[in-house]
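Participant: mmCIF, N, CA and C atoms, saved as my_file16.cif, coming up:
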data_target
#
loop_
_atom_site.label_atom_id
_atom_site.label_comp_id
_atom_site.auth_asym_id
_atom_site.auth_seq_id
_atom_site.Cartn_x
_atom_site.Cartn_y
_atom_site.Cartn_z
N MET A 28 41.73 138.48 36.61
CA MET A 28 41.02 139.68 36.21
C MET A 28 39.69 139.24 35.59
N THR A 29 38.63 139.94 35.92
CA THR A 29 37.31 139.57 35.40
C THR A 29 37.14 140.09 33.97
N ILE A 30 36.15 139.56 33.31
CA ILE A 30 35.87 139.99 31.94
C ILE A 30 35.47 141.46 31.91
N LYS A 31 34.78 141.93 32.96
CA LYS A 31 34.40 143.33 33.04
C LYS A 31 35.64 144.22 33.13
N GLU A 32 36.61 143.82 33.94
CA GLU A 32 37.85 144.58 34.08
C GLU A 32 38.62 144.62 32.76
N VAL A 33 38.64 143.49 32.07
CA VAL A 33 39.34 143.42 30.77
C VAL A 33 38.62 144.29 29.75
N SER A 34 37.30 144.27 29.78
CA SER A 34 36.52 145.11 28.88
C SER A 34 36.84 146.58 29.09
N GLU A 35 36.87 146.99 30.35
CA GLU A 35 37.19 148.39 30.66
C GLU A 35 38.62 148.74 30.26
N ARG A 36 39.52 147.82 30.46
CA ARG A 36 40.94 148.08 30.17
C ARG A 36 41.23 148.13 28.68
N THR A 37 40.55 147.27 27.90
CA THR A 37 40.85 147.18 26.47
C THR A 37 39.89 147.97 25.59
N GLY A 38 38.72 148.31 26.14
CA GLY A 38 37.72 149.00 25.34
C GLY A 38 36.89 148.06 24.48
N ILE A 39 37.05 146.77 24.68
CA ILE A 39 36.27 145.78 23.93
C ILE A 39 35.08 145.37 24.80
N SER A 40 33.92 145.30 24.20
CA SER A 40 32.74 144.93 24.97
C SER A 40 32.86 143.50 25.51
N ILE A 41 32.13 143.24 26.56
CA ILE A 41 32.12 141.89 27.15
C ILE A 41 31.65 140.87 26.12
N ASP A 42 30.60 141.23 25.38
CA ASP A 42 30.09 140.32 24.34
C ASP A 42 31.16 140.01 23.30
N ASN A 43 31.90 141.04 22.88
CA ASN A 43 32.95 140.81 21.88
C ASN A 43 34.09 139.97 22.44
N LEU A 44 34.44 140.16 23.70
CA LEU A 44 35.48 139.33 24.31
C LEU A 44 35.06 137.86 24.29
N ARG A 45 33.82 137.59 24.63
CA ARG A 45 33.32 136.21 24.59
C ARG A 45 33.33 135.68 23.16
N TYR A 46 32.89 136.53 22.23
CA TYR A 46 32.86 136.15 20.81
C TYR A 46 34.26 135.85 20.31
N TYR A 47 35.22 136.72 20.62
CA TYR A 47 36.60 136.52 20.18
C TYR A 47 37.12 135.16 20.66
N GLU A 48 36.82 134.81 21.89
CA GLU A 48 37.28 133.52 22.41
C GLU A 48 36.56 132.38 21.70
N ARG A 49 35.26 132.53 21.50
CA ARG A 49 34.46 131.46 20.88
C ARG A 49 34.94 131.13 19.47
N ILE A 50 35.31 132.17 18.69
CA ILE A 50 35.72 131.91 17.30
C ILE A 50 37.21 131.64 17.16
N GLY A 51 37.96 131.71 18.28
CA GLY A 51 39.39 131.42 18.23
C GLY A 51 40.24 132.63 17.91
N LEU A 52 39.67 133.82 18.01
CA LEU A 52 40.43 135.03 17.74
C LEU A 52 41.43 135.30 18.87
N ILE A 53 41.10 134.84 20.06
CA ILE A 53 42.05 134.82 21.17
C ILE A 53 42.04 133.40 21.73
N PRO A 54 43.16 132.97 22.28
CA PRO A 54 43.20 131.61 22.84
C PRO A 54 42.19 131.47 23.98
N PRO A 55 41.81 130.22 24.29
CA PRO A 55 40.87 130.01 25.38
C PRO A 55 41.37 130.65 26.68
N ILE A 56 40.45 131.27 27.39
CA ILE A 56 40.78 131.95 28.64
C ILE A 56 40.57 130.95 29.78
N PRO A 57 41.58 130.84 30.66
CA PRO A 57 41.40 129.92 31.81
C PRO A 57 40.22 130.36 32.67
N ARG A 58 39.64 129.40 33.36
CA ARG A 58 38.48 129.68 34.22
C ARG A 58 38.82 129.33 35.66
N ASN A 59 38.19 130.05 36.57
CA ASN A 59 38.41 129.73 37.98
C ASN A 59 37.53 128.55 38.39
N LYS A 60 37.54 128.20 39.65
CA LYS A 60 36.78 127.04 40.14
C LYS A 60 35.28 127.18 39.89
N SER A 61 34.82 128.41 39.83
CA SER A 61 33.38 128.65 39.60
C SER A 61 33.03 128.67 38.11
N GLY A 62 34.03 128.50 37.25
CA GLY A 62 33.80 128.50 35.81
C GLY A 62 33.82 129.88 35.18
N ILE A 63 34.21 130.88 35.95
CA ILE A 63 34.25 132.25 35.45
C ILE A 63 35.61 132.52 34.82
N ARG A 64 35.59 133.19 33.67
CA ARG A 64 36.85 133.51 32.99
C ARG A 64 37.77 134.29 33.92
N ASP A 65 39.05 133.91 33.91
CA ASP A 65 40.04 134.54 34.77
C ASP A 65 41.19 135.01 33.89
N TYR A 66 41.07 136.24 33.39
CA TYR A 66 42.06 136.81 32.49
C TYR A 66 43.34 137.15 33.25
N ASP A 67 44.47 136.95 32.57
CA ASP A 67 45.75 137.35 33.14
C ASP A 67 46.45 138.27 32.14
N GLU A 68 47.66 138.66 32.44
CA GLU A 68 48.39 139.57 31.56
C GLU A 68 48.68 138.94 30.19
N ILE A 69 48.85 137.64 30.16
CA ILE A 69 49.09 136.96 28.87
C ILE A 69 47.86 137.13 27.98
N ALA A 70 46.68 136.97 28.56
CA ALA A 70 45.44 137.16 27.80
C ALA A 70 45.34 138.59 27.28
N ILE A 71 45.72 139.55 28.11
CA ILE A 71 45.71 140.96 27.69
C ILE A 71 46.66 141.16 26.52
N HIS A 72 47.82 140.52 26.56
CA HIS A 72 48.77 140.63 25.44
C HIS A 72 48.17 140.07 24.16
N TRP A 73 47.48 138.93 24.25
CA TRP A 73 46.83 138.35 23.07
C TRP A 73 45.77 139.31 22.52
N ILE A 74 44.98 139.87 23.41
CA ILE A 74 43.92 140.80 22.98
C ILE A 74 44.54 142.01 22.31
N THR A 75 45.59 142.56 22.90
CA THR A 75 46.29 143.71 22.31
C THR A 75 46.84 143.36 20.94
N PHE A 76 47.41 142.17 20.84
CA PHE A 76 47.95 141.67 19.57
C PHE A 76 46.86 141.62 18.51
N VAL A 77 45.70 141.07 18.87
CA VAL A 77 44.58 140.97 17.94
C VAL A 77 44.11 142.36 17.51
N LEU A 78 44.01 143.28 18.46
CA LEU A 78 43.57 144.64 18.13
C LEU A 78 44.53 145.30 17.14
N LYS A 79 45.81 145.08 17.31
CA LYS A 79 46.80 145.66 16.37
C LYS A 79 46.66 145.03 14.99
N PHE A 80 46.44 143.73 14.94
CA PHE A 80 46.23 143.06 13.65
C PHE A 80 44.99 143.61 12.97
N LYS A 81 43.90 143.78 13.76
CA LYS A 81 42.66 144.32 13.18
C LYS A 81 42.88 145.74 12.68
N LYS A 82 43.59 146.54 13.45
CA LYS A 82 43.85 147.92 13.04
C LYS A 82 44.68 147.95 11.76
N ALA A 83 45.52 146.96 11.57
CA ALA A 83 46.33 146.87 10.36
C ALA A 83 45.50 146.41 9.16
N GLY A 84 44.25 146.02 9.42
CA GLY A 84 43.38 145.60 8.32
C GLY A 84 43.39 144.11 8.05
N ALA A 85 44.02 143.33 8.93
CA ALA A 85 44.05 141.88 8.73
C ALA A 85 42.64 141.32 8.86
N SER A 86 42.34 140.34 8.06
CA SER A 86 41.03 139.69 8.13
C SER A 86 40.94 138.85 9.40
N LEU A 87 39.72 138.65 9.87
CA LEU A 87 39.55 137.79 11.05
C LEU A 87 40.08 136.39 10.77
N GLU A 88 39.89 135.92 9.55
CA GLU A 88 40.36 134.59 9.20
C GLU A 88 41.89 134.50 9.32
N ALA A 89 42.59 135.53 8.85
CA ALA A 89 44.05 135.54 8.93
C ALA A 89 44.52 135.58 10.38
N ILE A 90 43.84 136.37 11.19
CA ILE A 90 44.23 136.47 12.60
C ILE A 90 43.97 135.15 13.31
N ILE A 91 42.81 134.56 13.05
CA ILE A 91 42.47 133.27 13.67
C ILE A 91 43.49 132.21 13.26
N GLU A 92 43.84 132.19 11.99
CA GLU A 92 44.83 131.22 11.51
C GLU A 92 46.17 131.45 12.18
N TYR A 93 46.57 132.70 12.31
CA TYR A 93 47.84 133.02 12.96
C TYR A 93 47.82 132.54 14.42
N ILE A 94 46.74 132.81 15.13
CA ILE A 94 46.61 132.39 16.53
C ILE A 94 46.64 130.87 16.63
N LYS A 95 45.90 130.22 15.74
CA LYS A 95 45.86 128.75 15.74
C LYS A 95 47.26 128.18 15.51
N LEU A 96 47.98 128.74 14.56
CA LEU A 96 49.34 128.28 14.29
C LEU A 96 50.27 128.56 15.47
N ALA A 97 50.15 129.75 16.04
CA ALA A 97 51.03 130.15 17.14
C ALA A 97 50.83 129.28 18.38
N THR A 98 49.60 128.84 18.60
CA THR A 98 49.32 128.06 19.81
C THR A 98 49.38 126.56 19.58
N SER A 99 49.69 126.16 18.36
CA SER A 99 49.78 124.71 18.09
C SER A 99 51.13 124.19 18.57
N ASP A 100 51.22 122.89 18.66
CA ASP A 100 52.47 122.26 19.09
C ASP A 100 53.44 122.06 17.93
N GLN A 101 52.99 122.35 16.72
CA GLN A 101 53.82 122.15 15.55
C GLN A 101 54.65 123.40 15.26
N ASP A 102 55.72 123.20 14.51
CA ASP A 102 56.55 124.34 14.09
C ASP A 102 55.79 125.08 12.99
N SER A 103 55.36 126.28 13.31
CA SER A 103 54.53 127.03 12.37
C SER A 103 55.18 128.36 11.98
N LYS A 104 56.45 128.47 12.25
CA LYS A 104 57.14 129.74 12.03
C LYS A 104 56.98 130.26 10.60
N GLU A 105 57.19 129.42 9.62
CA GLU A 105 57.12 129.86 8.21
C GLU A 105 55.70 130.20 7.80
N ALA A 106 54.73 129.44 8.29
CA ALA A 106 53.32 129.72 7.96
C ALA A 106 52.90 131.06 8.59
N ARG A 107 53.35 131.31 9.82
CA ARG A 107 53.02 132.59 10.46
C ARG A 107 53.72 133.74 9.74
N ARG A 108 54.94 133.51 9.32
CA ARG A 108 55.67 134.54 8.58
C ARG A 108 54.94 134.87 7.28
N ALA A 109 54.42 133.86 6.61
CA ALA A 109 53.68 134.08 5.35
C ALA A 109 52.44 134.95 5.60
N ILE A 110 51.75 134.70 6.69
CA ILE A 110 50.57 135.52 7.03
C ILE A 110 51.01 136.96 7.25
N LEU A 111 52.11 137.15 7.97
CA LEU A 111 52.62 138.51 8.21
C LEU A 111 52.99 139.21 6.91
N PHE A 112 53.60 138.48 5.97
CA PHE A 112 53.95 139.08 4.68
C PHE A 112 52.70 139.50 3.91
N GLU A 113 51.64 138.69 3.97
CA GLU A 113 50.39 139.04 3.30
C GLU A 113 49.80 140.32 3.89
N ILE A 114 49.81 140.42 5.20
CA ILE A 114 49.28 141.61 5.87
C ILE A 114 50.14 142.82 5.52
N GLN A 115 51.45 142.62 5.50
CA GLN A 115 52.37 143.71 5.16
C GLN A 115 52.13 144.20 3.73
N GLU A 116 51.96 143.28 2.80
CA GLU A 116 51.72 143.65 1.40
C GLU A 116 50.41 144.43 1.27
N ASP A 117 49.38 143.97 1.96
CA ASP A 117 48.10 144.67 1.94
C ASP A 117 48.24 146.08 2.51
N LEU A 118 48.98 146.21 3.60
CA LEU A 118 49.21 147.53 4.20
C LEU A 118 49.94 148.46 3.23
N HIS A 119 50.97 147.94 2.57
CA HIS A 119 51.70 148.76 1.60
C HIS A 119 50.79 149.22 0.46
N ASN A 120 49.93 148.32 -0.01
CA ASN A 120 48.99 148.70 -1.07
C ASN A 120 48.03 149.78 -0.60
N ARG A 121 47.51 149.65 0.61
CA ARG A 121 46.60 150.67 1.14
C ARG A 121 47.32 152.00 1.35
N ILE A 122 48.56 151.93 1.82
CA ILE A 122 49.35 153.15 2.01
C ILE A 122 49.59 153.84 0.67
N ASP A 123 49.90 153.06 -0.36
CA ASP A 123 50.11 153.64 -1.70
C ASP A 123 48.85 154.36 -2.19
N LYS A 124 47.69 153.73 -2.00
CA LYS A 124 46.43 154.35 -2.43
C LYS A 124 46.16 155.62 -1.63
N LEU A 125 46.39 155.58 -0.33
CA LEU A 125 46.18 156.76 0.50
C LEU A 125 47.17 157.87 0.14
N THR A 126 48.40 157.50 -0.18
CA THR A 126 49.40 158.48 -0.58
C THR A 126 48.96 159.19 -1.86
N ALA A 127 48.43 158.44 -2.81
CA ALA A 127 47.93 159.04 -4.06
C ALA A 127 46.78 160.01 -3.76
N CYS A 128 45.90 159.63 -2.87
CA CYS A 128 44.79 160.53 -2.48
C CYS A 128 45.34 161.78 -1.80
N LEU A 129 46.30 161.61 -0.94
CA LEU A 129 46.89 162.75 -0.24
C LEU A 129 47.59 163.69 -1.21
N GLU A 130 48.28 163.14 -2.19
CA GLU A 130 48.95 163.97 -3.19
C GLU A 130 47.94 164.80 -3.98
N MET A 131 46.79 164.20 -4.31
CA MET A 131 45.75 164.92 -5.03
C MET A 131 45.20 166.06 -4.17
N ILE A 132 44.94 165.78 -2.90
CA ILE A 132 44.45 166.81 -1.99
C ILE A 132 45.49 167.90 -1.80
N ASP A 133 46.76 167.53 -1.64
CA ASP A 133 47.84 168.51 -1.52
C ASP A 133 47.88 169.43 -2.74
N TYR A 134 47.75 168.83 -3.93
CA TYR A 134 47.75 169.59 -5.17
C TYR A 134 46.59 170.59 -5.18
N LYS A 135 45.41 170.12 -4.80
CA LYS A 135 44.23 171.00 -4.81
C LYS A 135 44.40 172.14 -3.80
N ILE A 136 44.97 171.85 -2.65
CA ILE A 136 45.20 172.90 -1.65
C ILE A 136 46.20 173.92 -2.17
N GLU A 137 47.29 173.43 -2.75
CA GLU A 137 48.32 174.34 -3.27
C GLU A 137 47.80 175.21 -4.40
N ASN A 138 46.86 174.69 -5.16
CA ASN A 138 46.36 175.39 -6.33
C ASN A 138 44.92 175.86 -6.18
N PHE A 139 44.46 175.94 -4.97
CA PHE A 139 43.06 176.25 -4.73
C PHE A 139 42.67 177.61 -5.30
N ASP A 140 43.41 178.65 -4.94
CA ASP A 140 43.03 180.01 -5.34
C ASP A 140 43.14 180.25 -6.84
N ASN A 141 44.17 179.72 -7.47
CA ASN A 141 44.40 180.05 -8.88
C ASN A 141 43.85 179.01 -9.86
N LEU A 142 43.42 177.85 -9.37
CA LEU A 142 42.98 176.81 -10.30
C LEU A 142 41.67 176.15 -9.85
N CYS A 143 41.67 175.57 -8.69
CA CYS A 143 40.52 174.77 -8.26
C CYS A 143 39.27 175.62 -8.03
N ASP A 144 39.41 176.70 -7.28
CA ASP A 144 38.23 177.50 -6.98
C ASP A 144 37.64 178.13 -8.24
N PRO A 145 38.45 178.68 -9.14
CA PRO A 145 37.85 179.22 -10.38
C PRO A 145 37.10 178.17 -11.19
N ILE A 146 37.65 176.98 -11.27
CA ILE A 146 36.98 175.91 -12.02
C ILE A 146 35.66 175.55 -11.33
N THR A 147 35.69 175.46 -10.00
CA THR A 147 34.47 175.16 -9.26
C THR A 147 33.43 176.25 -9.47
N GLN A 148 33.86 177.50 -9.41
CA GLN A 148 32.93 178.61 -9.61
C GLN A 148 32.32 178.57 -11.01
N THR A 149 33.13 178.27 -12.01
CA THR A 149 32.64 178.16 -13.39
C THR A 149 31.60 177.04 -13.49
N MET A 150 31.88 175.90 -12.86
CA MET A 150 30.94 174.79 -12.90
C MET A 150 29.62 175.16 -12.22
N ILE A 151 29.69 175.87 -11.12
CA ILE A 151 28.48 176.29 -10.40
C ILE A 151 27.67 177.26 -11.26
N GLU A 152 28.36 178.21 -11.90
CA GLU A 152 27.67 179.18 -12.74
C GLU A 152 27.00 178.50 -13.92
N GLU A 153 27.69 177.53 -14.54
CA GLU A 153 27.09 176.78 -15.66
C GLU A 153 25.87 176.00 -15.20
N TRP A 154 25.97 175.38 -14.05
CA TRP A 154 24.85 174.61 -13.51
C TRP A 154 23.66 175.51 -13.24
N LYS A 155 23.89 176.67 -12.63
CA LYS A 155 22.81 177.62 -12.34
C LYS A 155 22.18 178.12 -13.63
N SER A 156 23.01 178.38 -14.63
CA SER A 156 22.51 178.87 -15.91
C SER A 156 21.59 177.84 -16.56
N LYS A 157 22.00 176.59 -16.56
CA LYS A 157 21.18 175.53 -17.14
C LYS A 157 19.89 175.33 -16.34
N LYS A 158 20.00 175.46 -15.05
CA LYS A 158 18.83 175.32 -14.19
C LYS A 158 17.81 176.42 -14.49
N GLU A 159 18.29 177.66 -14.67
CA GLU A 159 17.40 178.79 -14.95
C GLU A 159 16.72 178.62 -16.31
N ARG A 160 17.46 178.08 -17.28
CA ARG A 160 16.88 177.87 -18.62
C ARG A 160 15.79 176.82 -18.59
N ARG A 161 15.93 175.83 -17.70
CA ARG A 161 14.92 174.77 -17.60
C ARG A 161 13.66 175.28 -16.92
N GLU A 162 13.78 176.28 -16.12
CA GLU A 162 12.62 176.77 -15.36
C GLU A 162 11.80 177.70 -16.14
#
Can the structure in the file be given as structure tokens, please?
Facilitator:
Amino acid sequence: MTIKEVSERTGISIDNLRYYERIGLIPPIPRNKSGIRDYDEIAIHWITFVLKFKKAGASLEAIIEYIKLATSDQDSKEARRAILFEIQEDLHNRIDKLTACLEMIDYKIENFDNLCDPITQTMIEEWKSKKERRE
């Protein structure tokens, strides 16, 4: 599969696919006799894997380290597991923060008519009053 086909299939630009390979974000892509990258389904799986890690908020450094460990000849199971735990912990922290934000928004929606809107209206009236006094 050509780099253009992979770009269309994954939504990643050709430049980014080359960059990802250059920095080790994806393993080296085999080349045909003419030296042109020849992507296969395994490469697509690696790219999909990287995209999921990025979507999870993993740093490029963590993903590169994970790929490097996974493709090495050494037993890296525990080191890769540690990276996964770090990403998992970060995700849980972000989810907790988002949950707190959602709870605040839920509260404001539930109390909009009897609490939030009147307070907002009072603040606007006070602001207008001060503005008029300054003029």
Participant: Residues of segment 35-102 of chain A classed as helix (DSSP H, G or I) by DSSP on the backbone are to be reported as a ChimeraX atom specification.
Facilitator: /A:35-37,41-50,68-82,87-97
Participant: Generate a file of the selected residues that holds N, CA and C atoms, formatted as a compact mmCIF listing (two decimals), in the frame of the given file.
Facilitator:
# COMPACT_ATOMS: atom_id res chain seq x y z
N GLU A 35 36.87 146.99 30.35
CA GLU A 35 37.19 148.39 30.66
C GLU A 35 38.62 148.74 30.26
N ARG A 36 39.52 147.82 30.46
CA ARG A 36 40.94 148.08 30.17
C ARG A 36 41.23 148.13 28.68
N THR A 37 40.55 147.27 27.90
CA THR A 37 40.85 147.18 26.47
C THR A 37 39.89 147.97 25.59
N ILE A 41 32.13 143.24 26.56
CA ILE A 41 32.12 141.89 27.15
C ILE A 41 31.65 140.87 26.12
N ASP A 42 30.60 141.23 25.38
CA ASP A 42 30.09 140.32 24.34
C ASP A 42 31.16 140.01 23.30
N ASN A 43 31.90 141.04 22.88
CA ASN A 43 32.95 140.81 21.88
C ASN A 43 34.09 139.97 22.44
N LEU A 44 34.44 140.16 23.70
CA LEU A 44 35.48 139.33 24.31
C LEU A 44 35.06 137.86 24.29
N ARG A 45 33.82 137.59 24.63
CA ARG A 45 33.32 136.21 24.59
C ARG A 45 33.33 135.68 23.16
N TYR A 46 32.89 136.53 22.23
CA TYR A 46 32.86 136.15 20.81
C TYR A 46 34.26 135.85 20.31
N TYR A 47 35.22 136.72 20.62
CA TYR A 47 36.60 136.52 20.18
C TYR A 47 37.12 135.16 20.66
N GLU A 48 36.82 134.81 21.89
CA GLU A 48 37.28 133.52 22.41
C GLU A 48 36.56 132.38 21.70
N ARG A 49 35.26 132.53 21.50
CA ARG A 49 34.46 131.46 20.88
C ARG A 49 34.94 131.13 19.47
N ILE A 50 35.31 132.17 18.69
CA ILE A 50 35.72 131.91 17.30
C ILE A 50 37.21 131.64 17.16
N GLU A 68 47.66 138.66 32.44
CA GLU A 68 48.39 139.57 31.56
C GLU A 68 48.68 138.94 30.19
N ILE A 69 48.85 137.64 30.16
CA ILE A 69 49.09 136.96 28.87
C ILE A 69 47.86 137.13 27.98
N ALA A 70 46.68 136.97 28.56
CA ALA A 70 45.44 137.16 27.80
C ALA A 70 45.34 138.59 27.28
N ILE A 71 45.72 139.55 28.11
CA ILE A 71 45.71 140.96 27.69
C ILE A 71 46.66 141.16 26.52
N HIS A 72 47.82 140.52 26.56
CA HIS A 72 48.77 140.63 25.44
C HIS A 72 48.17 140.07 24.16
N TRP A 73 47.48 138.93 24.25
CA TRP A 73 46.83 138.35 23.07
C TRP A 73 45.77 139.31 22.52
N ILE A 74 44.98 139.87 23.41
CA ILE A 74 43.92 140.80 22.98
C ILE A 74 44.54 142.01 22.31
N THR A 75 45.59 142.56 22.90
CA THR A 75 46.29 143.71 22.31
C THR A 75 46.84 143.36 20.94
N PHE A 76 47.41 142.17 20.84
CA PHE A 76 47.95 141.67 19.57
C PHE A 76 46.86 141.62 18.51
N VAL A 77 45.70 141.07 18.87
CA VAL A 77 44.58 140.97 17.94
C VAL A 77 44.11 142.36 17.51
N LEU A 78 44.01 143.28 18.46
CA LEU A 78 43.57 144.64 18.13
C LEU A 78 44.53 145.30 17.14
N LYS A 79 45.81 145.08 17.31
CA LYS A 79 46.80 145.66 16.37
C LYS A 79 46.66 145.03 14.99
N PHE A 80 46.44 143.73 14.94
CA PHE A 80 46.23 143.06 13.65
C PHE A 80 44.99 143.61 12.97
N LYS A 81 43.90 143.78 13.76
CA LYS A 81 42.66 144.32 13.18
C LYS A 81 42.88 145.74 12.68
N LYS A 82 43.59 146.54 13.45
CA LYS A 82 43.85 147.92 13.04
C LYS A 82 44.68 147.95 11.76
N LEU A 87 39.72 138.65 9.87
CA LEU A 87 39.55 137.79 11.05
C LEU A 87 40.08 136.39 10.77
N GLU A 88 39.89 135.92 9.55
CA GLU A 88 40.36 134.59 9.20
C GLU A 88 41.89 134.50 9.32
N ALA A 89 42.59 135.53 8.85
CA ALA A 89 44.05 135.54 8.93
C ALA A 89 44.52 135.58 10.38
N ILE A 90 43.84 136.37 11.19
CA ILE A 90 44.23 136.47 12.60
C ILE A 90 43.97 135.15 13.31
N ILE A 91 42.81 134.56 13.05
CA ILE A 91 42.47 133.27 13.67
C ILE A 91 43.49 132.21 13.26
N GLU A 92 43.84 132.19 11.99
CA GLU A 92 44.83 131.22 11.51
C GLU A 92 46.17 131.45 12.18
N TYR A 93 46.57 132.70 12.31
CA TYR A 93 47.84 133.02 12.96
C TYR A 93 47.82 132.54 14.42
N ILE A 94 46.74 132.81 15.13
CA ILE A 94 46.61 132.39 16.53
C ILE A 94 46.64 130.87 16.63
N LYS A 95 45.90 130.22 15.74
CA LYS A 95 45.86 128.75 15.74
C LYS A 95 47.26 128.18 15.51
N LEU A 96 47.98 128.74 14.56
CA LEU A 96 49.34 128.28 14.29
C LEU A 96 50.27 128.56 15.47
N ALA A 97 50.15 129.75 16.04
CA ALA A 97 51.03 130.15 17.14
C ALA A 97 50.83 129.28 18.38
Participant: Which of these, A:Met150, A:Ala83, A:Ala89, A:Ile136, has the shortest distance to Leu118 of chain A once you count only N, CA and C atoms?
Facilitator: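 With only N, CA and C atoms as the atom set, the closest residue is A:Ala83.
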Participant: Which residues, named as in the file, does the PyMOL selection byres ((chain A and resi 50-65) around 8) pick out? Answer as number ranges by chain.
Facilitator: A: 28-30, 44-49, 66-68, 70, 73-74, 77, 87, 90-92, 94-95, 98
Participant: Can you measure atom CA of Ala109 of chain A to atom CA of Ile122 of chain A for me? One decimal in Å is fine.
Facilitator: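 That distance, rounded to one decimal, is 19.8 Å.
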Participant: Please report the interatomic distance between atom C of Ile146 of chain A and atom C of Ile132 of chain A in Å with one decimal.
Facilitator: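 Going from atom C of Ile146 of chain A over to atom C of Ile132 of chain A covers 15.7 Å.
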Participant: I'd like the neighbourhood of His119 of chain A as a list of chain:residue names, where a residue qualifies if any of its atoms comes within 12 Å (using only C-alpha atoms), though same-chain residues fewer than 6 positions away should be ignored.
Facilitator: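 What passes the distance filter is A:Ala83, A:Gly84, A:Phe112, A:Glu113, A:Leu125, A:Thr126.
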Participant: Please, could N, CA, C and O atoms be added to segment 77-88 of chain A and the result written as a short mmCIF file (atom, residue, chain, number, x, y, z; two decimals), in the coordinates of the input?
Facilitator:
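Result saved to selection33.cif:
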data_model
loop_
_atom_site.label_atom_id
_atom_site.label_comp_id
_atom_site.auth_asym_id
_atom_site.auth_seq_id
_atom_site.Cartn_x
_atom_site.Cartn_y
_atom_site.Cartn_z
N VAL A 77 45.70 141.07 18.87
CA VAL A 77 44.58 140.97 17.94
C VAL A 77 44.11 142.36 17.51
O VAL A 77 43.84 142.60 16.33
N LEU A 78 44.01 143.28 18.46
CA LEU A 78 43.57 144.64 18.13
C LEU A 78 44.53 145.30 17.14
O LEU A 78 44.09 146.00 16.22
N LYS A 79 45.81 145.08 17.31
CA LYS A 79 46.80 145.66 16.37
C LYS A 79 46.66 145.03 14.99
O LYS A 79 46.74 145.72 13.98
N PHE A 80 46.44 143.73 14.94
CA PHE A 80 46.23 143.06 13.65
C PHE A 80 44.99 143.61 12.97
O PHE A 80 44.99 143.87 11.77
N LYS A 81 43.90 143.78 13.76
CA LYS A 81 42.66 144.32 13.18
C LYS A 81 42.88 145.74 12.68
O LYS A 81 42.41 146.09 11.60
N LYS A 82 43.59 146.54 13.45
CA LYS A 82 43.85 147.92 13.04
C LYS A 82 44.68 147.95 11.76
O LYS A 82 44.54 148.86 10.94
N ALA A 83 45.52 146.96 11.57
CA ALA A 83 46.33 146.87 10.36
C ALA A 83 45.50 146.41 9.16
O ALA A 83 45.98 146.40 8.04
N GLY A 84 44.25 146.02 9.42
CA GLY A 84 43.38 145.60 8.32
C GLY A 84 43.39 144.11 8.05
O GLY A 84 42.83 143.66 7.06
N ALA A 85 44.02 143.33 8.93
CA ALA A 85 44.05 141.88 8.73
C ALA A 85 42.64 141.32 8.86
O ALA A 85 41.85 141.79 9.68
N SER A 86 42.34 140.34 8.06
CA SER A 86 41.03 139.69 8.13
C SER A 86 40.94 138.85 9.40
O SER A 86 41.97 138.40 9.93
N LEU A 87 39.72 138.65 9.87
CA LEU A 87 39.55 137.79 11.05
C LEU A 87 40.08 136.39 10.77
O LEU A 87 40.69 135.77 11.65
N GLU A 88 39.89 135.92 9.55
CA GLU A 88 40.36 134.59 9.20
C GLU A 88 41.89 134.50 9.32
O GLU A 88 42.42 133.51 9.83
#
